[in-house]
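Student: Have a look at this one.
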Amino acid sequence: MRIALFGGTFDPVHLGHLAVARVAADRFKLDRVFFVPADIPPHKQKRKLTDFQHRFAMLALATAEDKRFVPSLLDAHTGHPNYSVETVRRLKSILGKSDRPYFLIGMDAFRDIQTWRKPVELLRECDFIVAARPGHSLGDVARSLPAALRPPEATLRALGKQQSGTITLPGATIYLLGELRERVSSTQIRATAHRPIKQLSRYVPQLVAEYIKKENLYGAGNSSADGGGAYRDKMLSLHRGHRQERS
Ligand code: ATP
């Protein structure tokens, strides 16, 4: 099986994520795309994230329609920051010999890969599929590589402004998916969640828009008039509370 690991905070999942997964799955004939929400993302700790349970629930709703898409608990409740090199190794340890894993990532995240834990080792673990975001080229992909892998300046110049293609190096193979130019981001959705469901569902699947409203996420309003919101929050956090009690 050809499998992609698609990690992120997914706070919330949006149509851009789904477009990335769909284009990658079609192009690379992927049998499965695992959407792996980080419980404790090492790079996004400045802002308080929405509860993991809500982010996972939205992923389950968003991925229901495509049988290749799977919401994954690979990074759930590990108790420490989710480093991708460890997530990939965890995934590979449960795959069969004939399975081929890919790492699916957007260009804005790939740009920071040098700052990730063990980036050279991570790039060696599996091939990367990078989804372009507006304004990025194959040259930018190569420039983002850790110094130990980065091609010489002449090669970087030759890659220039190509909007798609492959970089093959000793120790890394990276494909740039150029046909994607989705501008939507989770930041944008969090900022506009108070708008009517009809507007919200231009950027997230309809069921996710309804869930955001129902659970009053991101200040979306519409929280249930019966006061059930606080009750549901407690139910959602039961697992975590239970764990803490035992530790
Ligand atoms: P935020 O706005 O909170 O930073 P985000 O929209 O970038 O969030 P993440 O959950 O951080 O969403 O992204 C998960 C992965 O999806 C990352 O690799 C990111 O680069 C990629 N991604 C997100 N949105 C897009 C998009 N519109 N086009 C291409 N890749 C995307």
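Labeling convention for the structure tokens: chains A, B, ... as they appear, residues from 1 per chain, ligands from 1 in order of appearance.
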May I have the residues within 10 Å of ligand 1, computed using only C-alpha atoms and all ligand atoms, as a PyMOL selection string?
Tutor: chain A and resi 6-21+35-38+41+43-44+47+49+55+103-111+129-134+177-178+180-191+203
Student: Just list the residues in range 38-242 of chain A DSSP gives strand (DSSP E or B) on the backbone, as an NGL selection string.
Tutor: :A and (69-71 or 100-106 or 127-131 or 165-169 or 172-177)
Student: Please determine, counting only C-alpha atoms, which residue among A:Leu61, A:Phe69, A:Glu86, A:Ala172 has the shortest atom-to-atom distance to Arg150 in chain A.
Tutor: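 Among the listed residues, the smallest separation from Arg150 in chain A belongs to A:Ala172.
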Student: For the alpha helix (DSSP H) assignment from backbone DSSP, which residues of range 34-213 of chain A qualify? Please present them as a PyMOL selection string.
Tutor: chain A and resi 52-62+84-94+107-110+119-125+138-143+153-159+186-192+197-200+206-213
Student: Write to file, as a PDB file, in the first residue's frame, the residues of the selection just made, with C-alpha atoms.
Tutor:
ATOM      1  CA  PHE A  52      -7.435  17.464  20.779  1.00  0.00           C
ATOM      2  CA  GLN A  53     -10.785  15.691  21.004  1.00  0.00           C
ATOM      3  CA  HIS A  54     -12.555  18.485  19.098  1.00  0.00           C
ATOM      4  CA  ARG A  55      -9.834  18.651  16.446  1.00  0.00           C
ATOM      5  CA  PHE A  56     -10.000  14.890  15.998  1.00  0.00           C
ATOM      6  CA  ALA A  57     -13.818  14.908  15.835  1.00  0.00           C
ATOM      7  CA  MET A  58     -13.727  17.532  13.075  1.00  0.00           C
ATOM      8  CA  LEU A  59     -11.174  15.446  11.168  1.00  0.00           C
ATOM      9  CA  ALA A  60     -13.406  12.391  11.441  1.00  0.00           C
ATOM     10  CA  LEU A  61     -16.310  14.390   9.977  1.00  0.00           C
ATOM     11  CA  ALA A  62     -14.173  15.908   7.227  1.00  0.00           C
ATOM     12  CA  SER A  84       7.656  14.185  13.114  1.00  0.00           C
ATOM     13  CA  VAL A  85      10.741  11.987  12.987  1.00  0.00           C
ATOM     14  CA  GLU A  86       9.257   9.914  15.814  1.00  0.00           C
ATOM     15  CA  THR A  87       5.780   9.874  14.279  1.00  0.00           C
ATOM     16  CA  VAL A  88       7.144   8.597  10.957  1.00  0.00           C
ATOM     17  CA  ARG A  89       9.152   5.904  12.709  1.00  0.00           C
ATOM     18  CA  ARG A  90       6.081   4.898  14.723  1.00  0.00           C
ATOM     19  CA  LEU A  91       4.086   4.649  11.506  1.00  0.00           C
ATOM     20  CA  LYS A  92       6.799   2.629   9.752  1.00  0.00           C
ATOM     21  CA  SER A  93       7.003   0.208  12.664  1.00  0.00           C
ATOM     22  CA  ILE A  94       3.405  -0.833  12.017  1.00  0.00           C
ATOM     23  CA  MET A 107       5.233  24.501   1.653  1.00  0.00           C
ATOM     24  CA  ASP A 108       4.832  26.957   4.529  1.00  0.00           C
ATOM     25  CA  ALA A 109       5.568  24.172   7.020  1.00  0.00           C
ATOM     26  CA  PHE A 110       8.381  22.699   4.892  1.00  0.00           C
ATOM     27  CA  PRO A 119      15.557  16.987   9.899  1.00  0.00           C
ATOM     28  CA  VAL A 120      18.218  15.053   7.955  1.00  0.00           C
ATOM     29  CA  GLU A 121      17.101  11.773   9.518  1.00  0.00           C
ATOM     30  CA  LEU A 122      13.458  12.651   8.904  1.00  0.00           C
ATOM     31  CA  LEU A 123      14.096  13.320   5.206  1.00  0.00           C
ATOM     32  CA  ARG A 124      15.870   9.963   4.963  1.00  0.00           C
ATOM     33  CA  GLU A 125      12.903   8.085   6.441  1.00  0.00           C
ATOM     34  CA  LEU A 138      11.024  24.276  -6.419  1.00  0.00           C
ATOM     35  CA  GLY A 139      14.010  26.548  -5.743  1.00  0.00           C
ATOM     36  CA  ASP A 140      12.398  27.536  -2.427  1.00  0.00           C
ATOM     37  CA  VAL A 141      11.923  23.861  -1.556  1.00  0.00           C
ATOM     38  CA  ALA A 142      15.633  23.174  -2.142  1.00  0.00           C
ATOM     39  CA  ARG A 143      16.693  26.311  -0.239  1.00  0.00           C
ATOM     40  CA  GLU A 153      24.043  27.360  -5.479  1.00  0.00           C
ATOM     41  CA  ALA A 154      24.197  26.595  -9.237  1.00  0.00           C
ATOM     42  CA  THR A 155      21.603  23.833  -8.828  1.00  0.00           C
ATOM     43  CA  LEU A 156      19.438  26.087  -6.687  1.00  0.00           C
ATOM     44  CA  ARG A 157      19.547  28.715  -9.429  1.00  0.00           C
ATOM     45  CA  ALA A 158      18.674  26.112 -12.070  1.00  0.00           C
ATOM     46  CA  LEU A 159      15.657  24.983 -10.080  1.00  0.00           C
ATOM     47  CA  SER A 186      -7.002  27.554   9.833  1.00  0.00           C
ATOM     48  CA  THR A 187      -5.993  31.005  11.117  1.00  0.00           C
ATOM     49  CA  GLN A 188      -8.443  32.570   8.698  1.00  0.00           C
ATOM     50  CA  ILE A 189     -11.246  30.239   9.785  1.00  0.00           C
ATOM     51  CA  ARG A 190     -10.651  30.885  13.489  1.00  0.00           C
ATOM     52  CA  ALA A 191     -10.905  34.611  12.757  1.00  0.00           C
ATOM     53  CA  THR A 192     -14.157  34.309  10.817  1.00  0.00           C
ATOM     54  CA  ILE A 197     -22.664  28.770   8.676  1.00  0.00           C
ATOM     55  CA  LYS A 198     -23.188  29.400   4.968  1.00  0.00           C
ATOM     56  CA  GLN A 199     -20.047  31.565   4.806  1.00  0.00           C
ATOM     57  CA  LEU A 200     -18.042  29.229   7.044  1.00  0.00           C
ATOM     58  CA  GLN A 206     -20.559  21.610   5.927  1.00  0.00           C
ATOM     59  CA  LEU A 207     -20.510  19.109   8.817  1.00  0.00           C
ATOM     60  CA  VAL A 208     -17.396  20.741  10.261  1.00  0.00           C
ATOM     61  CA  ALA A 209     -19.046  24.165  10.033  1.00  0.00           C
ATOM     62  CA  GLU A 210     -22.040  22.772  11.910  1.00  0.00           C
ATOM     63  CA  TYR A 211     -19.789  21.189  14.545  1.00  0.00           C
ATOM     64  CA  ILE A 212     -17.913  24.490  15.052  1.00  0.00           C
ATOM     65  CA  LYS A 213     -21.207  26.267  15.645  1.00  0.00           C
TER      66      LYS A 213
END
Student: Can you tell me, as a list in words, what residues are no more than 9 Å from range 28-31 of chain A when counting only C-alpha atoms, ignoring any on the same chain fewer than 4 positions away?
Tutor: Met1, Arg2, Ile3, Ala4, Val23, Ala24, Lys67, Arg68 and Phe69 of chain A
Student: So that I have them on file, write out the residues from the current selection with N, CA and C atoms, as a PDB file, in the first residue's frame.
Tutor:
ATOM      1  N   MET A   1       0.827  -1.203   0.000  1.00  0.00           N
ATOM      2  CA  MET A   1       0.000   0.000   0.000  1.00  0.00           C
ATOM      3  C   MET A   1       0.866   1.260   0.000  1.00  0.00           C
ATOM      4  N   ARG A   2       0.383   2.259  -0.690  1.00  0.00           N
ATOM      5  CA  ARG A   2       1.065   3.567  -0.693  1.00  0.00           C
ATOM      6  C   ARG A   2       0.323   4.466   0.292  1.00  0.00           C
ATOM      7  N   ILE A   3       1.083   4.943   1.278  1.00  0.00           N
ATOM      8  CA  ILE A   3       0.454   5.631   2.411  1.00  0.00           C
ATOM      9  C   ILE A   3       1.115   6.980   2.654  1.00  0.00           C
ATOM     10  N   ALA A   4       0.298   8.009   2.836  1.00  0.00           N
ATOM     11  CA  ALA A   4       0.886   9.304   3.206  1.00  0.00           C
ATOM     12  C   ALA A   4       0.516   9.659   4.629  1.00  0.00           C
ATOM     13  N   VAL A  23      -5.347  15.855  -4.133  1.00  0.00           N
ATOM     14  CA  VAL A  23      -4.427  15.978  -5.270  1.00  0.00           C
ATOM     15  C   VAL A  23      -3.243  15.015  -5.091  1.00  0.00           C
ATOM     16  N   ALA A  24      -2.717  14.935  -3.867  1.00  0.00           N
ATOM     17  CA  ALA A  24      -1.588  14.021  -3.613  1.00  0.00           C
ATOM     18  C   ALA A  24      -2.022  12.567  -3.816  1.00  0.00           C
ATOM     19  N   LYS A  67     -12.768   7.345   0.931  1.00  0.00           N
ATOM     20  CA  LYS A  67     -12.336   6.130   1.651  1.00  0.00           C
ATOM     21  C   LYS A  67     -10.823   6.035   1.794  1.00  0.00           C
ATOM     22  N   ARG A  68     -10.095   6.874   1.064  1.00  0.00           N
ATOM     23  CA  ARG A  68      -8.630   6.872   1.208  1.00  0.00           C
ATOM     24  C   ARG A  68      -8.193   7.647   2.446  1.00  0.00           C
ATOM     25  N   PHE A  69      -9.071   8.487   2.980  1.00  0.00           N
ATOM     26  CA  PHE A  69      -8.692   9.380   4.088  1.00  0.00           C
ATOM     27  C   PHE A  69      -9.004   8.745   5.442  1.00  0.00           C
TER      28      PHE A  69
END
Student: With distances taken over only C-alpha atoms, which residue among A:Ala76, A:Ile113, A:Cys126, A:Val204 lies nearest Leu5 in chain A?
Tutor: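 Among A:Ala76, A:Ile113, A:Cys126, A:Val204, it is A:Cys126 that comes nearest to Leu5 in chain A.
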Student: Between A:Val33, A:Asp51, A:Asp39, A:Thr166, which is the closest to Gly79 in chain A once you count only C-alpha atoms?
Tutor: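 Distance minimum relative to Gly79 in chain A lands on A:Asp39.
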Student: Grab the CA of Ser98 in chain A to CA of Arg27 in chain A distance for me, in Å with one decimal place.
Tutor: 19.5 Å
Student: Nearest residue to Ser137 in chain A out of A:Leu95, A:Ala220, A:Leu176, A:Ile167, using only C-alpha atoms?
Tutor: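 The answer is A:Leu176, which sits nearest to Ser137 in chain A.
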Student: Pick out the closest residue to Glu65 in chain A from this set: A:Leu145, A:Gly135, A:Thr168, A:Arg22. Count only C-alpha atoms.
Tutor: A:Arg22
